[in-house]
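> Please find one structure pasted underneath; my questions will follow.
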Amino acid sequence: KPFKRILLTGAAGGLGRQLRERIKPWADIVRLSDLADLGPAGEGEEVVQCDLADKAAVLALMEGVDVVLHFGGISVEAPFDAIMQANILGMANLYEAIHKCGVKRVVFASSNHTMGFYKTTDLVDAEMPPRPDGMYGISKVFGESLSRYYFDRFGIETVCLRIGSCFPKPGSARMMITYLSLDDLVESLRCSLFAARVGHTIAFGVSDNKAKWWDDRHSRHLGFVAKDSSTQFEGMFPFTGTYAPEDDLAITYQGGPFLLTGPKYN
Ligand code: NAI
Ligand code: 15L
């Protein structure tokens, strides 16, 4: 197999549980990690339960790892304290361990919420300045910036995949635009891990949906071509013509409902 050991963080999460089997062809051993229980290790698996905010535990977690798929952390808007531990301190711990252990490449599950304050009429690309839509989006911008530094300073390659909405089906009219199928996610991870050279790349993780907010011109070297589209779910979200006034922000900006939470500083 191409890699000896691949580390998947966030392996007990919605995406991690799906990826657990799908990434097995890529490495002799898949090391799965999460704060939450992962059940027993299956064949070709190692299971390590740990908190990303625990520096010593994260260093031990990285021992013997070739490549990392970093999906662990807080995945929605939340009080800043929680985001700070998992997504900011956790990210710093992760990259320090990656550097110390000689890991060559990382795929970081970033988010469309790094750009959530662009308007739904904008076409966004990876070279436009980040405009996060809350503490969660800000923490992902931190992760993108941190990984950029580790590439510039130490040559550790990272693909920051700004995932749209990766769920079995779109859950709203907005997600018809942001939908990423699981198969397309797996393919974008495969491309990110196996492309000859990725340097520090910011890419958008989105299927080939009819309406588009994101332009992938700066990540074509990954070779990712989406095969799926949200059109298969067309008709699920007919426009009713009426919105409550408090929904205005959610309609005007790409971050949608994340705009309505407001900063959760505490
Ligand atoms: P999820 O919330 O289901 O999974 C995240 C996992 O991280 C959980 O199992 C949780 O226990 C773990 N975690 C949280 N704090 C931790 C800590 N301090 N230490 C160790 N583990 C911790 O989220 P989901 O949907 O599976 O997303 C995975 C990743 O992809 C997240 O980083 C999320 O921000 C990102 N993403 C997901 C999108 C989606 O559409 N599902 C869209 C954009 C980004
Ligand atoms: C994200 O970043 C979240 O992790 C996910 O739960 C969805 O809310 C997604 O963005 C989205 O924008 O739909």
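We label chains A, B, ... in the order they appear in the structure tokens, count residues from 1 in each chain, and number ligands from 1 in the order shown.
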Can you tell me which residues sit at most 9 Å away from ligand 1, counting only C-alpha atoms and all ligand atoms, written as a compact mmCIF listing (two decimals) with N, CA and C atoms, in the first residue's frame?


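Saved as result-v1.txt:
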# COMPACT_ATOMS: atom_id res chain seq x y z
N THR A 9 -7.82 12.00 12.37
CA THR A 9 -8.37 12.57 13.60
C THR A 9 -9.87 12.83 13.39
N GLY A 10 -10.59 12.96 14.47
CA GLY A 10 -12.05 13.15 14.35
C GLY A 10 -12.74 11.90 13.83
N ALA A 11 -12.11 10.75 14.09
CA ALA A 11 -12.58 9.50 13.48
C ALA A 11 -13.93 9.02 14.01
N ALA A 12 -14.39 9.57 15.15
CA ALA A 12 -15.71 9.18 15.67
C ALA A 12 -16.81 10.12 15.17
N GLY A 13 -16.44 11.13 14.39
CA GLY A 13 -17.42 12.13 13.93
C GLY A 13 -18.21 11.65 12.71
N GLY A 14 -19.11 12.51 12.27
CA GLY A 14 -19.97 12.17 11.13
C GLY A 14 -19.15 11.76 9.91
N LEU A 15 -18.15 12.54 9.56
CA LEU A 15 -17.33 12.22 8.39
C LEU A 15 -16.31 11.13 8.72
N GLY A 16 -15.72 11.22 9.91
CA GLY A 16 -14.70 10.25 10.30
C GLY A 16 -15.22 8.81 10.26
N ARG A 17 -16.46 8.62 10.72
CA ARG A 17 -17.04 7.26 10.73
C ARG A 17 -17.17 6.72 9.30
N GLN A 18 -17.47 7.61 8.37
CA GLN A 18 -17.58 7.20 6.96
C GLN A 18 -16.21 6.92 6.35
N SER A 33 -8.24 8.39 15.64
CA SER A 33 -8.19 9.09 16.92
C SER A 33 -9.39 10.01 17.09
N ASP A 34 -9.83 10.16 18.32
CA ASP A 34 -10.92 11.07 18.66
C ASP A 34 -10.94 11.23 20.18
N LEU A 35 -11.62 12.28 20.60
CA LEU A 35 -11.91 12.46 22.02
C LEU A 35 -12.96 11.43 22.46
N ALA A 36 -13.85 11.13 21.55
CA ALA A 36 -14.94 10.19 21.83
C ALA A 36 -14.49 8.76 21.58
N ASP A 37 -15.26 7.84 22.13
CA ASP A 37 -14.97 6.41 21.99
C ASP A 37 -15.07 5.97 20.52
N LEU A 38 -14.11 5.15 20.10
CA LEU A 38 -14.08 4.69 18.71
C LEU A 38 -14.40 3.22 18.56
N GLN A 49 -7.61 7.11 21.75
CA GLN A 49 -8.56 8.13 22.24
C GLN A 49 -7.76 9.23 22.91
N CYS A 50 -7.82 10.46 22.40
CA CYS A 50 -7.11 11.55 23.08
C CYS A 50 -7.68 12.91 22.71
N ASP A 51 -7.37 13.88 23.55
CA ASP A 51 -7.83 15.25 23.37
C ASP A 51 -6.76 16.01 22.59
N LEU A 52 -7.16 16.66 21.50
CA LEU A 52 -6.19 17.42 20.70
C LEU A 52 -5.54 18.54 21.51
N ALA A 53 -6.20 18.96 22.57
CA ALA A 53 -5.65 20.02 23.41
C ALA A 53 -4.55 19.52 24.35
N ASP A 54 -4.34 18.21 24.37
CA ASP A 54 -3.32 17.60 25.25
C ASP A 54 -2.03 17.41 24.43
N HIS A 70 -6.76 15.49 8.96
CA HIS A 70 -7.16 16.14 10.22
C HIS A 70 -8.62 16.59 10.17
N PHE A 71 -9.48 15.76 10.77
CA PHE A 71 -10.92 16.03 10.79
C PHE A 71 -11.43 16.29 12.21
N GLY A 72 -10.57 16.22 13.19
CA GLY A 72 -11.01 16.39 14.58
C GLY A 72 -11.20 17.85 14.94
N GLY A 73 -12.08 18.10 15.89
CA GLY A 73 -12.30 19.45 16.40
C GLY A 73 -13.77 19.81 16.44
N ILE A 74 -14.03 21.04 16.87
CA ILE A 74 -15.41 21.54 16.91
C ILE A 74 -15.81 21.86 15.48
N SER A 75 -16.98 21.37 15.07
CA SER A 75 -17.34 21.47 13.66
C SER A 75 -18.46 22.46 13.36
N VAL A 76 -18.88 23.20 14.37
CA VAL A 76 -19.94 24.22 14.17
C VAL A 76 -19.62 25.42 15.06
N ALA A 82 -14.40 26.55 23.93
CA ALA A 82 -14.36 25.19 23.37
C ALA A 82 -13.59 25.20 22.04
N ILE A 83 -13.86 26.20 21.23
CA ILE A 83 -13.19 26.31 19.93
C ILE A 83 -11.69 26.52 20.13
N GLN A 85 -9.78 25.51 22.59
CA GLN A 85 -9.12 24.26 23.00
C GLN A 85 -8.94 23.31 21.82
N ALA A 86 -10.03 23.03 21.14
CA ALA A 86 -9.99 21.97 20.11
C ALA A 86 -9.35 22.45 18.80
N ASN A 87 -9.73 23.64 18.34
CA ASN A 87 -9.36 24.06 16.98
C ASN A 87 -8.13 24.95 16.95
N LEU A 89 -5.67 25.57 20.01
CA LEU A 89 -4.61 24.84 20.73
C LEU A 89 -4.39 23.46 20.09
N GLY A 90 -5.49 22.80 19.75
CA GLY A 90 -5.40 21.46 19.13
C GLY A 90 -4.60 21.50 17.83
N PHE A 108 -6.14 19.08 5.81
CA PHE A 108 -6.85 19.73 6.91
C PHE A 108 -8.29 20.00 6.48
N ALA A 109 -9.24 19.48 7.27
CA ALA A 109 -10.65 19.73 6.97
C ALA A 109 -10.99 21.15 7.39
N SER A 110 -10.75 22.09 6.47
CA SER A 110 -11.15 23.48 6.70
C SER A 110 -12.62 23.61 6.30
N SER A 111 -13.08 24.82 6.23
CA SER A 111 -14.52 24.98 6.02
C SER A 111 -14.85 26.18 5.14
N ASN A 112 -15.98 26.08 4.50
CA ASN A 112 -16.52 27.22 3.74
C ASN A 112 -16.76 28.42 4.65
N HIS A 113 -16.84 28.18 5.97
CA HIS A 113 -17.11 29.30 6.89
C HIS A 113 -15.90 30.22 7.10
N TYR A 136 -15.99 29.94 14.81
CA TYR A 136 -15.64 28.66 14.16
C TYR A 136 -14.84 28.93 12.88
N GLY A 137 -15.38 29.82 12.03
CA GLY A 137 -14.69 30.16 10.78
C GLY A 137 -13.32 30.78 11.05
N LYS A 140 -10.79 28.19 11.75
CA LYS A 140 -10.34 27.49 10.54
C LYS A 140 -9.35 28.37 9.76
N LEU A 161 -8.75 21.81 2.81
CA LEU A 161 -9.94 21.56 2.01
C LEU A 161 -11.12 22.27 2.66
N ARG A 162 -11.56 23.34 2.01
CA ARG A 162 -12.70 24.10 2.55
C ARG A 162 -13.98 23.37 2.17
N ILE A 163 -14.37 22.47 3.05
CA ILE A 163 -15.53 21.62 2.77
C ILE A 163 -16.80 22.46 2.78
N GLY A 164 -17.67 22.18 1.82
CA GLY A 164 -18.98 22.84 1.78
C GLY A 164 -19.89 22.18 2.80
N SER A 165 -20.84 21.36 2.34
CA SER A 165 -21.74 20.64 3.25
C SER A 165 -21.70 19.17 2.85
N CYS A 166 -20.97 18.38 3.63
CA CYS A 166 -20.82 16.96 3.30
C CYS A 166 -21.71 16.12 4.21
N PHE A 167 -22.87 15.83 3.70
CA PHE A 167 -23.88 15.03 4.41
C PHE A 167 -24.51 14.11 3.37
N THR A 178 -23.84 24.13 -1.70
CA THR A 178 -22.62 23.79 -0.96
C THR A 178 -22.39 22.28 -0.83
N TYR A 179 -23.32 21.49 -1.33
CA TYR A 179 -23.28 20.02 -1.18
C TYR A 179 -21.99 19.39 -1.70
N LEU A 180 -21.43 18.51 -0.88
CA LEU A 180 -20.29 17.67 -1.29
C LEU A 180 -20.67 16.23 -0.98
N GLY A 205 -14.04 22.06 -1.24
CA GLY A 205 -14.61 20.71 -1.31
C GLY A 205 -16.08 20.82 -1.61

> As JSON, numbers by chain, which residues of region 39-166 of chain A does DSSP assign to strand (DSSP E or B)?

{"A": [45, 46, 47, 48, 49, 67, 68, 69, 70, 105, 106, 107, 108, 109, 110, 111, 119, 124, 125, 157, 158, 159, 160, 161, 162, 163, 165]}

> How many Å lie between CA of Leu193 (chain A) and CA of Arg105 (chain A), rounded to one decimal?

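That distance, rounded to one decimal, is 7.2 Å.
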
> From the list A:Asp122, A:Glu77, A:Glu96, A:Asp183, which residue is nearest ligand 2 when using only C-alpha atoms and all ligand atoms?

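Looking at the shortest contact to ligand 2, the residue is A:Glu77.
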
> So the first atom is CA of Leu249 (chain A) and the second is CA of Phe80 (chain A); what is the distance between them in Å, to one decimal place?

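Between these atoms lies a distance of 21.4 Å.
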
> What is the CA of Gly262 (chain A) to CA of Gly116 (chain A) distance in Å?

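Those two atoms sit 12.5 Å apart.
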
> Can you check which residues of region 49-250 of chain A DSSP gives as helix (DSSP H, G or I) on the backbone and send them as an MDAnalysis selection string?

chainID A and resid 55:62 80:101 112:114 135:154 175:178 182:194 217:222 230:233 245:250

> I want to know what sits within 9 Å of Ala195 (chain A), based on only C-alpha atoms, with residues of the same chain fewer than 4 positions away left out; could you give that as a PyMOL selection string?

chain A and resi 190-191+221-223

> Can you tell me, as JSON, numbers by chain, what residues are no more than 8 Å from Ile138 (chain A) when counting only C-alpha atoms, ignoring any on the same chain fewer than 5 positions away?

{"A": [114, 132, 133]}

> Can I get the selected residues back with N, CA and C atoms, as a PDB file, in the first residue's frame?


ATOM      1  N   THR A 114     -14.755  29.866   6.488  1.00  0.00           N
ATOM      2  CA  THR A 114     -13.637  30.823   6.412  1.00  0.00           C
ATOM      3  C   THR A 114     -14.007  31.995   5.506  1.00  0.00           C
ATOM      4  N   PRO A 132     -14.302  35.233   7.528  1.00  0.00           N
ATOM      5  CA  PRO A 132     -15.026  34.238   8.324  1.00  0.00           C
ATOM      6  C   PRO A 132     -16.326  34.783   8.888  1.00  0.00           C
ATOM      7  N   ASP A 133     -17.222  33.862   9.220  1.00  0.00           N
ATOM      8  CA  ASP A 133     -18.547  34.299   9.664  1.00  0.00           C
ATOM      9  C   ASP A 133     -18.799  34.017  11.144  1.00  0.00           C
TER      10      ASP A 133
END

> Set the distance at 10 Å and use only C-alpha atoms: which residues neighbour Lys104 (chain A) once local chain neighbours fewer than 3 positions away are removed? I'd like the list as a list in words.

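Close residues of Lys104 (chain A): Val65, Asp66, Val67, Val68, Ile98, His99, Cys101, Phe151, Phe154, Gly155, Ile156, Glu157 and Thr158 of chain A.
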
> Have a look at A:Phe258, A:Phe237, A:Tyr118, A:Phe142 and name the one nearest to ligand 2; count only C-alpha atoms and all ligand atoms.

A:Phe258

> Taking 3 positions as the minimum chain separation for residues in the same chain, which residues sit within 12 Å of Lys169 (chain A) when counting only C-alpha atoms? Answer as JSON, numbers by chain.

{"A": [165, 166, 172, 173, 174, 175, 176, 177, 178, 179, 180, 181, 182, 207, 228, 229, 230, 231, 232, 233, 234, 236, 237]}

> Write a file of the selected residues as a compact mmCIF listing (two decimals), in the first residue's frame, keeping N, CA and C atoms.


# COMPACT_ATOMS: atom_id res chain seq x y z
N SER A 165 -20.84 21.36 2.34
CA SER A 165 -21.74 20.64 3.25
C SER A 165 -21.70 19.17 2.85
N CYS A 166 -20.97 18.38 3.63
CA CYS A 166 -20.82 16.96 3.30
C CYS A 166 -21.71 16.12 4.21
N SER A 172 -30.91 21.86 3.17
CA SER A 172 -31.54 23.17 2.98
C SER A 172 -31.29 23.61 1.54
N ALA A 173 -31.97 24.70 1.15
CA ALA A 173 -31.76 25.24 -0.20
C ALA A 173 -30.30 25.66 -0.36
N ARG A 174 -29.73 26.23 0.69
CA ARG A 174 -28.31 26.63 0.65
C ARG A 174 -27.40 25.44 0.33
N MET A 175 -27.71 24.31 0.93
CA MET A 175 -26.85 23.14 0.74
C MET A 175 -26.95 22.53 -0.66
N MET A 176 -27.95 22.99 -1.45
CA MET A 176 -27.96 22.57 -2.86
C MET A 176 -26.74 23.16 -3.56
N ILE A 177 -26.24 24.28 -3.04
CA ILE A 177 -25.08 24.96 -3.63
C ILE A 177 -23.78 24.47 -2.99
N THR A 178 -23.84 24.13 -1.70
CA THR A 178 -22.62 23.79 -0.96
C THR A 178 -22.39 22.28 -0.83
N TYR A 179 -23.32 21.49 -1.33
CA TYR A 179 -23.28 20.02 -1.18
C TYR A 179 -21.99 19.39 -1.70
N LEU A 180 -21.43 18.51 -0.88
CA LEU A 180 -20.29 17.67 -1.29
C LEU A 180 -20.67 16.23 -0.98
N SER A 181 -20.67 15.38 -1.98
CA SER A 181 -21.01 13.97 -1.71
C SER A 181 -19.84 13.28 -1.02
N LEU A 182 -20.13 12.19 -0.35
CA LEU A 182 -19.06 11.45 0.34
C LEU A 182 -18.04 10.92 -0.68
N SER A 207 -19.24 19.40 -4.62
CA SER A 207 -19.57 18.60 -5.80
C SER A 207 -19.89 19.51 -6.98
N ASP A 228 -20.21 13.94 -8.65
CA ASP A 228 -21.61 14.03 -8.22
C ASP A 228 -22.12 15.46 -8.29
N SER A 229 -23.43 15.60 -8.07
CA SER A 229 -24.06 16.92 -8.10
C SER A 229 -25.32 16.87 -7.25
N SER A 230 -25.67 18.03 -6.69
CA SER A 230 -26.90 18.07 -5.88
C SER A 230 -28.16 18.03 -6.75
N THR A 231 -28.01 18.05 -8.08
CA THR A 231 -29.21 18.04 -8.93
C THR A 231 -30.06 16.79 -8.68
N GLN A 232 -29.42 15.71 -8.22
CA GLN A 232 -30.19 14.49 -7.92
C GLN A 232 -31.22 14.73 -6.80
N PHE A 233 -31.04 15.82 -6.05
CA PHE A 233 -31.99 16.13 -4.95
C PHE A 233 -32.93 17.28 -5.32
N GLU A 234 -32.92 17.66 -6.60
CA GLU A 234 -33.71 18.82 -7.02
C GLU A 234 -35.18 18.62 -6.65
N MET A 236 -36.28 19.10 -3.63
CA MET A 236 -36.38 18.90 -2.18
C MET A 236 -36.64 20.21 -1.44
N PHE A 237 -36.17 21.32 -2.04
CA PHE A 237 -36.28 22.61 -1.34
C PHE A 237 -36.91 23.69 -2.22

> Which residue is closest to ligand 2? Choose from A:Gly235, A:Gly102, A:Gly199, A:Pro168 and count only C-alpha atoms and all ligand atoms.

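Looking only at the distances to ligand 2, the closest residue turns out to be A:Pro168.
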